[in-house]
Structures are given as structure tokens and as C-alpha cells.
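J.: Mind looking over this structure? Questions follow.
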Amino acid sequence: MTTTNEKLKSWVEEMAQLTTPDRIYWCDGSDQEYESMVEEMVASGDLVKLNQDTHPGCTLHRSNPDDVARVEHLTFICTKHEDDAGPNNNWMAPADAHKKVDALFAGCMKGRTMYVVPYVMGPIDSPLSKAGVELTDSAYVVANMRIMTRMGTPAMKRIETDAKDSFVKGLHSIGDLDPERRFIMHFPEERLIKSVGSGYGGNALLGKKCHALRIASWEARESKGWLAEHMLIVGIETPEGEIHYVAAAFPSACGKTNLAMLIPPASQAGYKVWTVGEDIAWMHLGDDGRLWAINPEAGMFGVAPGTGKDTNPNALQSIQKNTIYTNVAVTPDGQPWWEGLSKEPPEGLTDWQGRPYKAGNGTAAHPNSRFTVSCSQIPSYSKHAEDPQGVPISAILFGGRRASLTPLVYQSLNWQHGVFMGATVASETTAAITGQVGVVRRDPMAMLPFCGYNMGDYWKHWLQIGKMSDNLPKIFHVNWFRRNGDGDFMWPGFGDNLRVLRWVLERCAGKGEAVRTPIGYLPSYGAIDTNGLDVSPETMADLTAVDPAAWQAEMDDINEFFGKFGDRMPQELLDESARVKAELAKA
Ligand code: GTP
Ligand code: SPV
Ligand code: MN
């Protein structure tokens with residue numbers, strides 16, 4: 001196979017000249033192709049077959065122990081002007097970046113196959129979807145792309161019939177997996193991604209963070225009227241049978257997958273939850289002035305640890321078949337295992353590195369171990385998830401993982417204040433990125449690692465959307481992760497987060513009791529249904545209160561952060577900050 005698209009054909013030839021693969025293989029995305037690639041990887045040791053009686057179609061990949069998460073310090077936005085990348089990104093001049101990575105790409109596919117992977121992000125026939133082509137020398141990446149995107153012949157058709165040749169180009173090689181020779185480079189002005197030296201997740205599956213967030217966020221601002229966001233999309237069906245859609249941005253490993261498929265607790269009879277997306281949302285302004293969201297992805301690359309029958313039974317059920325596991329542990333009879341699947345590690349476990357499990361060696365599964373599975377296997381997958389126009393969003397939630405300060409939930413006073421709330425999200429770092437875990441950092445809109453341009457301009461884009469419609473979603477901030485003096489979570493989380501979503505939807509409907517404070521509307525005492533919960537009234541009061549002194553300190557930190565953006569900083573957010581600070585001083 002090849003292609004009738006001349007631009008694609010010549011780019012593939014050029015990249016083959018650079019990387020010198022032994023073979024070029026054009027992927028069609030068929031079941032047969034997937035199965036034969038899996039067999040090849042099992043033969044080469046790249047994949048291990050899991051227990052086919054309990055987990056049919058499931059395999060395990062053990063990545064290089066130095067290649068287990070996204071590498072933010074090696075991720076670059078390469079624009080002509082450094083200011084266009086902004087203080088939120090690493091920047092390199094395009095010519096320098098090309099030179100640097102092309103030296104690593106030179107001859108790197110010798111002895112290997114170059115796979116040509118055409119893909120579409122979004123429902124295959126949606127006008128909102130976008131195409132790309134990833135060239136990679138990793139069969140594991142191809143198998144994952146097949147699950148995560150609409151990959152193969154239908155995608156190629158779309159690319160060949162697009163007169164504008166708007167597909168995004170991605171060149172990927174695992175190289176020698178040396179962290180010293182690893183770079184994830186983005187050239188938004190060329191609609192191009194070059195990634196070398198990693199085979200893991202967002203570093204290597206270029207449709208996900210590189211295309212659907214970094215390149216797409218750039219494009220969304222340029223063409224106006226839409227947003228590419230690190231957000232889940234979930235539909236809440238009320239006992240009356242109305243479905244309201246919520247989009248929520250939480251940083252990596254802060255609960256998007258879990259919220260997207262929560263199961264209502266017994267006390268919340270009549271509610272149903274429908275999953276549309278669990279990591280990325282593209283939201284377009286509709287003719288009705290509402291924001292309509294599609295999920296550009298077709299699969300999930302979800303965090304394994306913590307996924308259990310009490311926390312996320314929907315996810316657990318999704319991953320019993322046709323799933324690629326990465327860096328989990330294995331039981332003696334070949335079943336996948338991770339911390340949180342059961343209380344104690346089973347006897348005779350093999351850890352994520354393939355060694356007999358020993359308590360002294362750290363966790364059995366890597367903290368950022370993951371599963372790759374098609375969304376079609378999610379029991380709560382929405383029948384509207386493939387709607388070409390997307391689903392209308394009623395509320396946007398921002399949130400982070402913070403042991404103290406930020407309340408369980410509060411609502412912005414208006415769109416501008418909501419943008420301020422998103423811009424000031426802070427969260428404790430997690431194992432999803434290499435580096436220290438548990439350090440609070442600012443992660444605006446959960447997009448710090450994913451915004452493909454200057455964050456100051458990104459906030460302006462958000463504010464601009466606010467001026468284009470008066471029918472936009474209401475904006476809220478949530479925090480499921482407050483801890484008490486003993487270090488225990490104060491809020492039960494997971495399924496019980498529905499109680500918070502109910503208050504959110506009541507507020508959207510102009511109901512739901514709230515108290516206005518300097519930081520926004522907080523739920524009035526008793527406004528959140530705690531019926532049947534083991535949460536004391538004191539804890540509830542604590543979770544829905546503002547501590548003015550602590551918030552003053554927070555405002556100083558926010559202003560210091562805003563200071564980094566210099567003349568790209570939108571005045572509206574500085575005004576908002578000054579307002580909150582002044583109101584706190586009077587509180
Ligand atoms: P990425 O895929 O990295 O973007 O992560 P995510 O935002 O989808 O996070 P995910 O839902 O996978 O959750 C990450 C971790 O947080 C898991 O270990 C969950 O068990 C845990 N978690 C999710 N929701 C809650 C919650 O409401 N309360 C508590 N305490 N933990 C939660
Ligand atoms: C994240 O880190 O936000 C993820 C995992 O969703 S990865 O695909 O590796 O970026
Ligand atoms: Mn994510």
C-alpha cells in the first residue's frame with residue numbers, strides 16, 4: 001500500500017531517507033493487522049500474553065525502567081519567536097531543534113520497520129475531527145494508536161480527500177531509549193511533531209498530548225471559536241431522564257478517568273452517568289452560543305493503580321479483555337495486578353520490571369502503570385460519544401489535588417472570574433511525569449504541560465470566547481483531595497463526587513443554595529446532600545469554608561506567578577486578582 005497524497009508520499013520518502021528503515025509498512029488498521037503485530041511482539045518479547053481465560057486478548061508491555069512517564073523537561077515548543085512559546089514551555093529555535101533531533105534520527109531505523117500510521121482524532125465523519133500521520137519504528141506504539149485513535153484505511157481516505165492537506169505530521173523513533181538522547185519537539189508553525197528516545201505514553205503516542213493538545217490548542221486559537229483542553233466529558237442523567245454534560249480539567253493522575261465513569265452510590269437512586277471522554281475535549285462554539293464538545297480519542301490510556309471494584313468498577317470492567325497493560329505486576333497465573341486492585345499483593349507476584357515482587361523494591365506495579373483500551377468497552381460509554389457535532393456542555397470544572405486550602409467546590413461569579421479560577425489552578429505533582437511527586441505547582445487549566453503556546457495568549461483566547469456568547473457553561477472549581485490532621489482524605493470521593501455534581505447542575509439551573517465569598521459562590525450549609533455519608537458536619541463545614549489569611553498568601557503566590565507572563569498577561573485576570581485580594585482584606 002501507499003497513498004495518492006503526493007505531499008504525504010514525499011514526506012514519508014524524505015523521512016525514510018533520514019532514518020533508513022529496512023522496510024516501510026503502511027497500516028490499514030484491520031483486526032488482522034493488529035493480531036499479527038501482537039503475535040510478532042509476543043515472539044520478540046516486547047509483549048507478554050496474560051491469562052487468556054481470565055483476560056482474553058490482553059497483553060503486558062514492560063517499558064524500559066528509564067522510560068515510564070512523560071518527560072516535561074525534554075518537551076519543547078519550537079516557534080520562530082521565543083515569546084510565542086512563553087514561560088510555560090521549553091523553547092528552542094526551529095532550525096536548532098531540527099538539527100538537534102535530526103542528528104538522533106539519522107539512521108536510527110536501520111534494521112527496523114517504519115510504520116506509517118494514518119489516524120483521525122475525533123469521530124471519523126465529524127467536521128470537527130482532525131487527521132494526522134505518525135511514522136514510528138515501534139510496533140507497541142502502532143498497537144496503542146490503533147486503540148487510542150481512528151487508525152487505518154478510513155483515516156487515510158480522509159487525508160487523501162482533504163484538498164487542504166491539513167494533516168499533522170509526526171515522526172517518532174524509540175531511538176536507543178537513552179534519556180540523554182530523548183526529545184519531544186513541537187513545531188506548531190509547521191504542523192509537525194518530532195519525538196525521539198521514548199516509547200512511553202504521551203511521549204510516543206503522538207495523537208494524544210502532542211497533537212490533540214499542543215498542536216490543537218495552537219490551531220484552536222488561530223481559527224478562533226474553539227478550545228482544545230485536558231478535560232473529561234461526562235453526561236449526568238437525572239431521575240427525570242434529562243442528560244446534562246459536564247467537562248472537567250484536572251491535572252494528570254488527578255481523577256479525570258474516575259469522574260468520567262463514576263457509578264452513583266446507592267443513596268443517589270435514579271442518577272446515571274454516561275462517559276463521552278476521559279482525558280481530552282475539543283469544544284466548539286455552536287450556533288446556539290453553547291460550547292459543544294467532542295472527545296478526539298477513541299480509547300483510554302488510563303492509570304492502573306487505585307483502579308478497583310470499589311473505586312472505579314466501570315474502568316475495571318472495561319479492561320477485562322482486549323487491553324494492553326503497561327508496567328503492571330503479574331500474578332503466578334498470568335493475571336494483571338496493581339496496588340488498589342486488592343488489599344494485599346497476591347503470593348508469588350512478579351513486579352513491573354519482571355522481578356519476583358519484594359516489599360523492599362517499591363511498589364509491585366509502577367505508580368504510572370497504565371491500561372490501553374477502546375472506549376467502546378466502557379460499560380457507561382455514551383451513545384452520543386460519536387455524535388459528529390459533539391455534546392452541549394452545561395458546566396466546566398477545574399480542579400487540582402490539594403491537601404489544604406481549596407474548598408470541595410465553589411462557583412465562579414462569571415466567565416471572567418471562571419477563567420481566573422482556571423488560570424490559578426494548583427496541584428500536587430503525580431507519577432504521571434518524571435520528577436518529584438507531591439509538590440504543589442501552578443497548573444493552569446491542567447494545561448501547563450500541554451498548552452502549545454504562551455499561556456498569557458491562551459488566557460486571552462479563553463477571555464475572548466467569553467465575549468463571543470452569553471450562553472456559555474458555568475465555571476466551577478473542585479478539590480476531592482483535602483486531608484485532615486491525620487493525613488486522611490476528608491471527602492470520600494469517587495462515586496460520592498456525584499453529590500457535588502448535583503449541586504453544580506442545580507446552580508446551572510439557577511437553583512442550589514450558595515453563599516457569595518471573595519473567591520466565589522460556596523455551597524450553603526446543607527446544600528450538598530450528605531445523606532448516608534460518614535462525613536461529620538464539622539468536616540463538611542471545613543470543606544466549604546474560606547480561610548482569609550491562607551487565601552491572602554495564596555493570592556501573593558498567584559500574583560508572583562502572573563508576573564512571569566509580563567506583557568502577555570491579560571489585564572482582566574490582574575483585575576480579578578486585585579478584586580479577590582481587596583475583598584479578602586475586608587472579610
Ligand atoms: P491522567 O490519565 O494522567 O490524565 O489521569 P486522570 O486525571 O484521568 O486520573 P485518574 O482518574 O486515573 O486518577 C488518578 C488517581 O487518583 C487514581 O489512583 C485514582 O484512584 C485516584 N482518584 C481518582 N478520583 C479520586 C477521588 O475522588 N478521591 C481520591 N481520594 N482519589 C481519587
Ligand atoms: C497524562 O499524563 O496526562 C496522561 C498520560 O494522560 S500520557 O498519555 O502519558 O500523557
Ligand atoms: Mn491526561
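Residues are referred to by chain and number: the chain letter is A, B, ... according to the order shown in the C-alpha cells, the number counts from 1 in that chain, and ligands are numbered separately from 1 in the order shown.
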Taking the DSSP assignment computed from this structure's backbone, write out as number ranges by chain all residues of range 189-269 of chain A that belong to strand (DSSP E or B).
T.: A: 192-196, 226-229, 231-237, 243-249
J.: Throw together the list of residues within 10 Å of ligand 3, counting only C-alpha atoms and all ligand atoms, and drop it here as a PyMOL selection string.
T.: chain A and resi 201-202+208-209+230-232+249-257+278-280+300-303+432+446-447+449-450
J.: Using only C-alpha atoms, which of A:Gln317, A:Asn295, A:Gln464, A:Asn64 sits nearest Ile124 in chain A?
T.: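 Comparing A:Gln317, A:Asn295, A:Gln464, A:Asn64 against Ile124 in chain A, the winner is A:Asn295.
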J.: Let me make sure I understand: among A:Arg70, A:Lys100, A:Lys460, A:Arg158, which one has the smallest atom-to-atom distance to ligand 1 if we use only C-alpha atoms and all ligand atoms?
T.: A:Arg70
J.: Neighbouring residues of range 139-155 of chain A were defined as those with any atom within 7 Å, considering only C-alpha atoms; residues of the same chain fewer than 4 positions away were excluded. Please report them as a ChimeraX atom specification.
T.: /A:27-29,34,37,117-121,124,131,159,204-205,297-300,372-374
J.: Please produce a file of the residues just selected, as a PDB file, in the first residue's frame, where the atoms kept are N, CA, C and O atoms.
T.:
```pdb
ATOM      1  N   CYS A  27      -0.032   1.125   7.549  1.00  0.00           N
ATOM      2  CA  CYS A  27      -1.027   0.445   8.391  1.00  0.00           C
ATOM      3  C   CYS A  27      -2.441   0.647   7.849  1.00  0.00           C
ATOM      4  O   CYS A  27      -2.824   1.765   7.490  1.00  0.00           O
ATOM      5  N   ASP A  28      -3.222  -0.450   7.824  1.00  0.00           N
ATOM      6  CA  ASP A  28      -4.616  -0.341   7.392  1.00  0.00           C
ATOM      7  C   ASP A  28      -5.586  -0.359   8.582  1.00  0.00           C
ATOM      8  O   ASP A  28      -6.780  -0.113   8.420  1.00  0.00           O
ATOM      9  N   GLY A  29      -5.080  -0.679   9.772  1.00  0.00           N
ATOM     10  CA  GLY A  29      -5.919  -0.640  10.967  1.00  0.00           C
ATOM     11  C   GLY A  29      -6.842  -1.834  11.141  1.00  0.00           C
ATOM     12  O   GLY A  29      -7.694  -1.830  12.029  1.00  0.00           O
ATOM     13  N   TYR A  34      -3.630  -5.974  13.451  1.00  0.00           N
ATOM     14  CA  TYR A  34      -3.384  -5.827  14.891  1.00  0.00           C
ATOM     15  C   TYR A  34      -2.935  -7.159  15.481  1.00  0.00           C
ATOM     16  O   TYR A  34      -1.930  -7.239  16.190  1.00  0.00           O
ATOM     17  N   MET A  37       0.544  -8.184  14.446  1.00  0.00           N
ATOM     18  CA  MET A  37       1.582  -7.379  15.125  1.00  0.00           C
ATOM     19  C   MET A  37       1.751  -7.814  16.574  1.00  0.00           C
ATOM     20  O   MET A  37       2.868  -7.856  17.093  1.00  0.00           O
ATOM     21  N   VAL A 117       1.370   5.407  10.100  1.00  0.00           N
ATOM     22  CA  VAL A 117       0.127   5.281  10.861  1.00  0.00           C
ATOM     23  C   VAL A 117      -0.791   6.474  10.596  1.00  0.00           C
ATOM     24  O   VAL A 117      -0.650   7.527  11.217  1.00  0.00           O
ATOM     25  N   PRO A 118      -1.746   6.344   9.652  1.00  0.00           N
ATOM     26  CA  PRO A 118      -2.704   7.424   9.439  1.00  0.00           C
ATOM     27  C   PRO A 118      -3.785   7.351  10.515  1.00  0.00           C
ATOM     28  O   PRO A 118      -4.249   6.256  10.852  1.00  0.00           O
ATOM     29  N   TYR A 119      -4.162   8.499  11.083  1.00  0.00           N
ATOM     30  CA  TYR A 119      -5.167   8.467  12.143  1.00  0.00           C
ATOM     31  C   TYR A 119      -6.055   9.701  12.073  1.00  0.00           C
ATOM     32  O   TYR A 119      -5.665  10.729  11.501  1.00  0.00           O
ATOM     33  N   VAL A 120      -7.240   9.563  12.657  1.00  0.00           N
ATOM     34  CA  VAL A 120      -8.129  10.711  12.826  1.00  0.00           C
ATOM     35  C   VAL A 120      -8.393  10.881  14.315  1.00  0.00           C
ATOM     36  O   VAL A 120      -8.646   9.909  15.029  1.00  0.00           O
ATOM     37  N   MET A 121      -8.294  12.121  14.800  1.00  0.00           N
ATOM     38  CA  MET A 121      -8.683  12.440  16.166  1.00  0.00           C
ATOM     39  C   MET A 121     -10.115  12.974  16.110  1.00  0.00           C
ATOM     40  O   MET A 121     -10.372  14.000  15.488  1.00  0.00           O
ATOM     41  N   ILE A 124     -14.962   9.707  13.051  1.00  0.00           N
ATOM     42  CA  ILE A 124     -14.349   9.669  11.721  1.00  0.00           C
ATOM     43  C   ILE A 124     -15.029  10.611  10.736  1.00  0.00           C
ATOM     44  O   ILE A 124     -14.372  11.203   9.877  1.00  0.00           O
ATOM     45  N   ALA A 131      -7.011  15.056  11.186  1.00  0.00           N
ATOM     46  CA  ALA A 131      -6.202  13.896  10.822  1.00  0.00           C
ATOM     47  C   ALA A 131      -4.718  14.138  11.089  1.00  0.00           C
ATOM     48  O   ALA A 131      -4.260  15.275  11.185  1.00  0.00           O
ATOM     49  N   ILE A 159      -7.547  11.757   4.695  1.00  0.00           N
ATOM     50  CA  ILE A 159      -6.333  12.517   4.359  1.00  0.00           C
ATOM     51  C   ILE A 159      -6.247  12.736   2.841  1.00  0.00           C
ATOM     52  O   ILE A 159      -5.913  13.822   2.367  1.00  0.00           O
ATOM     53  N   ALA A 204       5.076   9.292  23.038  1.00  0.00           N
ATOM     54  CA  ALA A 204       5.236   8.458  21.843  1.00  0.00           C
ATOM     55  C   ALA A 204       3.948   8.266  21.046  1.00  0.00           C
ATOM     56  O   ALA A 204       4.002   8.095  19.829  1.00  0.00           O
ATOM     57  N   LEU A 205       2.796   8.268  21.726  1.00  0.00           N
ATOM     58  CA  LEU A 205       1.513   8.152  21.033  1.00  0.00           C
ATOM     59  C   LEU A 205       1.158   9.573  20.607  1.00  0.00           C
ATOM     60  O   LEU A 205       0.497  10.317  21.326  1.00  0.00           O
ATOM     61  N   GLU A 297     -10.377  11.299  21.188  1.00  0.00           N
ATOM     62  CA  GLU A 297      -9.772   9.981  21.320  1.00  0.00           C
ATOM     63  C   GLU A 297     -10.811   8.865  21.163  1.00  0.00           C
ATOM     64  O   GLU A 297     -12.008   9.068  21.366  1.00  0.00           O
ATOM     65  N   ALA A 298     -10.296   7.672  20.845  1.00  0.00           N
ATOM     66  CA  ALA A 298     -11.169   6.503  20.713  1.00  0.00           C
ATOM     67  C   ALA A 298     -10.909   5.491  21.824  1.00  0.00           C
ATOM     68  O   ALA A 298     -11.612   4.490  21.942  1.00  0.00           O
ATOM     69  N   GLY A 299      -9.882   5.737  22.612  1.00  0.00           N
ATOM     70  CA  GLY A 299      -9.525   4.802  23.675  1.00  0.00           C
ATOM     71  C   GLY A 299      -9.058   5.536  24.906  1.00  0.00           C
ATOM     72  O   GLY A 299      -8.973   6.761  24.916  1.00  0.00           O
ATOM     73  N   MET A 300      -8.759   4.764  25.967  1.00  0.00           N
ATOM     74  CA  MET A 300      -8.185   5.376  27.161  1.00  0.00           C
ATOM     75  C   MET A 300      -6.799   4.802  27.393  1.00  0.00           C
ATOM     76  O   MET A 300      -6.556   3.618  27.164  1.00  0.00           O
ATOM     77  N   THR A 372      -4.353   0.354  28.150  1.00  0.00           N
ATOM     78  CA  THR A 372      -4.849   0.943  26.906  1.00  0.00           C
ATOM     79  C   THR A 372      -6.026   0.110  26.447  1.00  0.00           C
ATOM     80  O   THR A 372      -5.892  -1.100  26.250  1.00  0.00           O
ATOM     81  N   VAL A 373      -7.165   0.760  26.286  1.00  0.00           N
ATOM     82  CA  VAL A 373      -8.372   0.010  25.934  1.00  0.00           C
ATOM     83  C   VAL A 373      -9.318   0.896  25.129  1.00  0.00           C
ATOM     84  O   VAL A 373      -9.346   2.123  25.302  1.00  0.00           O
ATOM     85  N   SER A 374     -10.072   0.276  24.247  1.00  0.00           N
ATOM     86  CA  SER A 374     -11.033   1.021  23.432  1.00  0.00           C
ATOM     87  C   SER A 374     -12.172   1.553  24.305  1.00  0.00           C
ATOM     88  O   SER A 374     -12.698   0.840  25.160  1.00  0.00           O
TER      89      SER A 374
END
```
J.: Name all residues at most 12 Å from Leu472 in chain A (count only C-alpha atoms; drop same-chain ones fewer than 2 positions away) and give them as a PyMOL selection string.
T.: chain A and resi 283-292+392-396+414-416+418+462-463+465-470+474-475+508
J.: Could you name the residues that touch Gly111 in chain A at 10 Å or less, counting only C-alpha atoms, but leaving out those on the same chain fewer than 4 positions away, as a PyMOL selection string?
T.: chain A and resi 20-23+107+137
J.: Determine, counting only C-alpha atoms, which protein, DNA and RNA residues have an atom within 12 Å of an atom of range 234-241 of chain A; residues of the same chain fewer than 3 positions away are not included. Present the result as an NGL selection string.
T.: :A and (231 or 244-249 or 256-264 or 268-281 or 293-295 or 380-385 or 390-397 or 497-502 or 504-506)
J.: What parts of range 102-261 of chain A does DSSP call helix (DSSP H, G or I)? I'd like the answer as a count of residues only.
T.: 54
J.: Give me the residues within 12 Å of range 565-576 of chain A as a count of residues only, counting only C-alpha atoms and dropping any in the same chain fewer than 2 places off.
T.: 50
J.: Rank A:Ala304, A:Cys58, A:Leu171, A:Val38 by their smallest atom-to-atom distance to ligand 2, using only C-alpha atoms and all ligand atoms, and report the top residue only.
T.: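 For ligand 2, the nearest of the candidates is A:Ala304.
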J.: Which residue out of A:Ser536, A:Phe476, A:Gly340, A:Gln552 has the minimum interatomic distance to ligand 1 when only C-alpha atoms and all ligand atoms are used?
T.: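 Using only C-alpha atoms and all ligand atoms, ligand 1 sits closest to A:Gly340.
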